[in-house]
Amino acid sequence: MQREGGCVPPLVARSRARYCVGPMADPTPVRQKIRFRDRPHRSLDERITARFPAIARYTAARVARMPPSSRLRQRLLARSVSRGFAAIKRGDLEFVLTAFYDPDVEWHGTVGGLDEGSLRRGHQEVMRGFDDYFAVWERLDLRPEEIIDTGDQLIVFVHEVARGRESGIVVETDTATISTFREGIVVRVRSFMDRSQALKAAGLWE
């Protein structure tokens, strides 16, 4: 049975934004700001995770069973997102993929971006995709600003700063990424140059 659509306020929010929920969306999306800081080295628990990834996957599965309204779930999600982006910034993509992503993850090209329509499957293809990206951009700074948890999807608002390797031109954009989960592990990633498009794709709109 489909749910009726309607507008609902997020349970955890620092803004007063309301979201209209489509028929198939979770009725209680939770929004929160992200406190991001650079981490040039792996923390102790990240080193343990890298050595024993099964522990991280077990924890992720337990967190996935918590409702979005759970404060513990929200703290752990915010922590994972912040640390994941910090790892990407320091070039530790392999750790991020091993800890948080399914081995056969589907990574779709950014809607509105140069790679729109492309699809990379699995860790190795995703890593090659990032290599291609860094071949074009000399500097790439990705900073998560907010997350919206709908239960089986996580929308991340990202502020990107990139500098062309040959042109030297600096480009700043506000983008969004939708990660779809199964048992707490990411199985599909979709990115959007337009945040409103991401909300609509996730069954939400402001």
# chains A, B, ... in the order shown; residues from 1 in each chain; ligands from 1

$ residues_around --residues "Ala99 of chain A" --least-positions-apart "6" --cutoff "8 Å" --atoms "only C-alpha atoms" --output "VMD selection string"
chain A and resid 49 to 50 53 56 to 57

$ select_by_dssp --residues "segment 57-150 of chain A" --states "strand (DSSP E)" --output "ChimeraX atom specification"
/A:101-108,119-121,137-149

$ closest_residue --among "A:His123, A:Gly109, A:Gly164, A:Asp132" --to "Ile178 of chain A" --atoms "only C-alpha atoms"
A:Gly109

$ residues_around --residues "segment 68-71 of chain A" --least-positions-apart "4" --cutoff "9 Å" --atoms "only C-alpha atoms" --output "number ranges by chain"
A: 11-12, 28-30, 64, 75-76, 149-151

$ write_last_selection --atoms "all heavy atoms" --output "mmCIF file, in the first residue's frame"
data_model
loop_
_atom_site.group_PDB
_atom_site.id
_atom_site.type_symbol
_atom_site.label_atom_id
_atom_site.label_comp_id
_atom_site.auth_asym_id
_atom_site.auth_seq_id
_atom_site.Cartn_x
_atom_site.Cartn_y
_atom_site.Cartn_z
ATOM 1 N N LEU A 11 12.710 15.728 12.070
ATOM 2 C CA LEU A 11 12.718 15.584 13.518
ATOM 3 C C LEU A 11 13.936 16.228 14.145
ATOM 4 O O LEU A 11 13.886 16.718 15.261
ATOM 5 C CB LEU A 11 12.676 14.094 13.889
ATOM 6 C CG LEU A 11 11.404 13.352 13.459
ATOM 7 C CD1 LEU A 11 11.510 11.896 13.871
ATOM 8 C CD2 LEU A 11 10.181 13.981 14.087
ATOM 9 N N VAL A 12 15.074 16.181 13.439
ATOM 10 C CA VAL A 12 16.294 16.792 13.948
ATOM 11 C C VAL A 12 16.738 17.806 12.919
ATOM 12 O O VAL A 12 17.108 17.440 11.817
ATOM 13 C CB VAL A 12 17.401 15.747 14.158
ATOM 14 C CG1 VAL A 12 18.671 16.417 14.660
ATOM 15 C CG2 VAL A 12 16.946 14.680 15.136
ATOM 16 N N THR A 28 9.337 10.300 7.892
ATOM 17 C CA THR A 28 9.998 11.078 8.933
ATOM 18 C C THR A 28 11.461 11.342 8.591
ATOM 19 O O THR A 28 12.360 10.827 9.257
ATOM 20 C CB THR A 28 9.913 10.350 10.288
ATOM 21 O OG1 THR A 28 10.462 9.023 10.148
ATOM 22 C CG2 THR A 28 8.479 10.254 10.757
ATOM 23 N N PRO A 29 11.751 12.108 7.548
ATOM 24 C CA PRO A 29 13.151 12.422 7.241
ATOM 25 C C PRO A 29 13.768 13.256 8.353
ATOM 26 O O PRO A 29 13.107 14.096 8.951
ATOM 27 C CB PRO A 29 13.058 13.214 5.932
ATOM 28 C CG PRO A 29 11.684 13.796 5.942
ATOM 29 C CD PRO A 29 10.820 12.785 6.627
ATOM 30 N N VAL A 30 15.030 13.006 8.634
ATOM 31 C CA VAL A 30 15.735 13.703 9.708
ATOM 32 C C VAL A 30 16.920 14.450 9.111
ATOM 33 O O VAL A 30 17.754 13.866 8.424
ATOM 34 C CB VAL A 30 16.225 12.708 10.786
ATOM 35 C CG1 VAL A 30 16.989 13.450 11.876
ATOM 36 C CG2 VAL A 30 15.052 11.952 11.379
ATOM 37 N N ALA A 64 21.569 0.370 11.066
ATOM 38 C CA ALA A 64 20.532 0.411 10.035
ATOM 39 C C ALA A 64 19.174 -0.010 10.575
ATOM 40 O O ALA A 64 18.136 0.393 10.033
ATOM 41 C CB ALA A 64 20.929 -0.480 8.861
ATOM 42 N N ARG A 75 23.928 10.481 15.453
ATOM 43 C CA ARG A 75 25.313 10.794 15.831
ATOM 44 C C ARG A 75 26.293 9.936 15.042
ATOM 45 O O ARG A 75 27.322 10.428 14.560
ATOM 46 C CB ARG A 75 25.513 10.587 17.337
ATOM 47 C CG ARG A 75 24.926 11.684 18.204
ATOM 48 C CD ARG A 75 25.519 11.660 19.596
ATOM 49 N NE ARG A 75 25.225 10.417 20.295
ATOM 50 C CZ ARG A 75 24.167 10.226 21.074
ATOM 51 N NH1 ARG A 75 23.282 11.200 21.237
ATOM 52 N NH2 ARG A 75 23.982 9.075 21.695
ATOM 53 N N LEU A 76 25.981 8.653 14.904
ATOM 54 C CA LEU A 76 26.882 7.752 14.190
ATOM 55 C C LEU A 76 26.917 8.059 12.696
ATOM 56 O O LEU A 76 27.979 7.983 12.061
ATOM 57 C CB LEU A 76 26.462 6.302 14.429
ATOM 58 C CG LEU A 76 26.655 5.795 15.865
ATOM 59 C CD1 LEU A 76 26.078 4.394 16.016
ATOM 60 C CD2 LEU A 76 28.127 5.808 16.251
ATOM 61 N N ASP A 149 18.386 12.009 6.509
ATOM 62 C CA ASP A 149 18.245 10.564 6.654
ATOM 63 C C ASP A 149 16.783 10.185 6.444
ATOM 64 O O ASP A 149 15.910 10.606 7.202
ATOM 65 C CB ASP A 149 18.719 10.154 8.051
ATOM 66 C CG ASP A 149 18.557 8.672 8.323
ATOM 67 O OD1 ASP A 149 18.361 7.903 7.363
ATOM 68 O OD2 ASP A 149 18.630 8.288 9.513
ATOM 69 N N THR A 150 16.504 9.387 5.414
ATOM 70 C CA THR A 150 15.133 8.950 5.157
ATOM 71 C C THR A 150 14.912 7.485 5.520
ATOM 72 O O THR A 150 13.857 6.933 5.247
ATOM 73 C CB THR A 150 14.760 9.146 3.673
ATOM 74 O OG1 THR A 150 15.500 8.218 2.867
ATOM 75 C CG2 THR A 150 15.042 10.564 3.215
ATOM 76 N N GLY A 151 15.906 6.857 6.099
ATOM 77 C CA GLY A 151 15.780 5.452 6.461
ATOM 78 C C GLY A 151 16.700 4.591 5.625
ATOM 79 O O GLY A 151 17.736 4.132 6.092
#

$ residues_around --residues "Phe130 of chain A" --least-positions-apart "5" --cutoff "9 Å" --atoms "only C-alpha atoms" --output "list in words"
Leu93, Glu125 and Ala135 of chain A

$ atom_distance --atom1 "atom CA of Pro144 of chain A" --atom2 "atom CA of Glu160 of chain A"
8.8 Å

$ residues_around --residues "Val63 of chain A" --least-positions-apart "2" --cutoff "10 Å" --atoms "only C-alpha atoms" --output "list of chain:residue names"
A:Arg57, A:Tyr58, A:Thr59, A:Ala60, A:Ala61, A:Arg65, A:Met66, A:Pro67, A:Pro68, A:Ser70, A:Leu72, A:Arg73, A:Gln74, A:Leu76, A:Leu77, A:Glu183, A:Gly184

$ write_last_selection --atoms "all heavy atoms" --output "short mmCIF file (atom, residue, chain, number, x, y, z; two decimals), in the first residue's frame"
data_model
loop_
_atom_site.label_atom_id
_atom_site.label_comp_id
_atom_site.auth_asym_id
_atom_site.auth_seq_id
_atom_site.Cartn_x
_atom_site.Cartn_y
_atom_site.Cartn_z
N ARG A 57 31.09 -3.46 9.41
CA ARG A 57 29.87 -3.89 8.73
C ARG A 57 28.83 -4.40 9.72
O ARG A 57 27.63 -4.19 9.55
CB ARG A 57 30.20 -4.94 7.68
CG ARG A 57 31.02 -4.35 6.53
CD ARG A 57 31.42 -5.39 5.50
NE ARG A 57 32.20 -4.76 4.45
CZ ARG A 57 31.67 -4.21 3.37
NH1 ARG A 57 30.37 -4.21 3.21
NH2 ARG A 57 32.44 -3.64 2.46
N TYR A 58 29.29 -5.06 10.77
CA TYR A 58 28.36 -5.52 11.81
C TYR A 58 27.72 -4.32 12.50
O TYR A 58 26.50 -4.28 12.72
CB TYR A 58 29.11 -6.38 12.83
CG TYR A 58 28.28 -6.75 14.04
CD1 TYR A 58 27.34 -7.77 13.97
CD2 TYR A 58 28.44 -6.07 15.24
CE1 TYR A 58 26.58 -8.11 15.08
CE2 TYR A 58 27.68 -6.40 16.35
CZ TYR A 58 26.75 -7.42 16.26
OH TYR A 58 25.99 -7.74 17.37
N THR A 59 28.54 -3.32 12.83
CA THR A 59 28.02 -2.11 13.47
C THR A 59 27.05 -1.39 12.56
O THR A 59 25.98 -0.93 12.99
CB THR A 59 29.17 -1.17 13.85
OG1 THR A 59 30.09 -1.86 14.71
CG2 THR A 59 28.65 0.08 14.55
N ALA A 60 27.39 -1.29 11.27
CA ALA A 60 26.52 -0.61 10.31
C ALA A 60 25.17 -1.30 10.20
O ALA A 60 24.13 -0.64 10.11
CB ALA A 60 27.20 -0.56 8.94
N ALA A 61 25.17 -2.62 10.23
CA ALA A 61 23.91 -3.36 10.15
C ALA A 61 23.04 -3.10 11.38
O ALA A 61 21.82 -2.98 11.27
CB ALA A 61 24.19 -4.86 10.01
N ARG A 65 19.17 -0.81 11.63
CA ARG A 65 17.90 -1.26 12.21
C ARG A 65 17.27 -0.22 13.13
O ARG A 65 16.11 -0.36 13.52
CB ARG A 65 18.12 -2.57 12.97
CG ARG A 65 18.60 -3.72 12.09
CD ARG A 65 18.63 -5.03 12.84
NE ARG A 65 19.20 -6.09 12.02
CZ ARG A 65 20.44 -6.54 12.15
NH1 ARG A 65 21.23 -6.02 13.08
NH2 ARG A 65 20.89 -7.50 11.37
N MET A 66 18.03 0.81 13.48
CA MET A 66 17.49 1.87 14.32
C MET A 66 16.62 2.80 13.46
O MET A 66 16.91 3.02 12.28
CB MET A 66 18.62 2.69 14.94
CG MET A 66 19.57 1.91 15.81
SD MET A 66 20.93 2.98 16.41
CE MET A 66 21.96 1.76 17.24
N PRO A 67 15.57 3.37 14.02
CA PRO A 67 14.75 4.32 13.25
C PRO A 67 15.50 5.63 13.05
O PRO A 67 16.38 5.97 13.84
CB PRO A 67 13.52 4.52 14.15
CG PRO A 67 14.03 4.27 15.53
CD PRO A 67 15.05 3.17 15.39
N PRO A 68 15.17 6.39 12.00
CA PRO A 68 15.83 7.68 11.79
C PRO A 68 15.71 8.62 12.99
O PRO A 68 16.54 9.50 13.17
CB PRO A 68 15.11 8.24 10.56
CG PRO A 68 14.66 7.03 9.81
CD PRO A 68 14.28 6.04 10.88
N SER A 70 16.24 7.93 15.97
CA SER A 70 17.20 7.57 17.01
C SER A 70 18.36 8.58 17.04
O SER A 70 19.03 8.80 16.04
CB SER A 70 17.76 6.17 16.75
OG SER A 70 18.91 5.92 17.52
N LEU A 72 21.15 8.18 18.63
CA LEU A 72 22.40 7.45 18.45
C LEU A 72 22.68 7.22 16.98
O LEU A 72 23.81 7.41 16.51
CB LEU A 72 22.33 6.11 19.19
CG LEU A 72 23.55 5.18 19.01
CD1 LEU A 72 24.82 5.87 19.48
CD2 LEU A 72 23.32 3.86 19.74
N ARG A 73 21.66 6.83 16.23
CA ARG A 73 21.81 6.64 14.79
C ARG A 73 22.30 7.93 14.13
O ARG A 73 23.23 7.91 13.31
CB ARG A 73 20.49 6.20 14.17
CG ARG A 73 20.49 6.13 12.64
CD ARG A 73 19.09 5.85 12.11
NE ARG A 73 19.01 5.98 10.66
CZ ARG A 73 18.90 4.97 9.81
NH1 ARG A 73 18.85 3.73 10.26
NH2 ARG A 73 18.82 5.19 8.51
N GLN A 74 21.71 9.06 14.49
CA GLN A 74 22.08 10.32 13.87
C GLN A 74 23.51 10.72 14.22
O GLN A 74 24.24 11.23 13.37
CB GLN A 74 21.09 11.42 14.28
CG GLN A 74 19.69 11.22 13.74
CD GLN A 74 19.67 11.00 12.24
OE1 GLN A 74 20.34 11.71 11.49
NE2 GLN A 74 18.92 10.00 11.79
N LEU A 76 25.98 8.65 14.90
CA LEU A 76 26.88 7.75 14.19
C LEU A 76 26.92 8.06 12.70
O LEU A 76 27.98 7.98 12.06
CB LEU A 76 26.46 6.30 14.43
CG LEU A 76 26.65 5.79 15.87
CD1 LEU A 76 26.08 4.39 16.02
CD2 LEU A 76 28.13 5.81 16.25
N LEU A 77 25.77 8.41 12.12
CA LEU A 77 25.75 8.78 10.70
C LEU A 77 26.58 10.03 10.45
O LEU A 77 27.37 10.08 9.50
CB LEU A 77 24.31 9.01 10.24
CG LEU A 77 23.46 7.78 9.94
CD1 LEU A 77 22.04 8.20 9.59
CD2 LEU A 77 24.05 6.95 8.81
N GLU A 183 21.28 -3.14 4.59
CA GLU A 183 21.93 -3.64 5.81
C GLU A 183 23.07 -2.71 6.26
O GLU A 183 24.11 -3.17 6.73
CB GLU A 183 22.46 -5.06 5.60
CG GLU A 183 21.38 -6.10 5.43
CD GLU A 183 20.51 -6.25 6.68
OE1 GLU A 183 21.07 -6.28 7.79
OE2 GLU A 183 19.27 -6.32 6.53
N GLY A 184 22.86 -1.41 6.09
CA GLY A 184 23.82 -0.43 6.57
C GLY A 184 24.99 -0.16 5.65
O GLY A 184 25.82 0.70 5.94
#
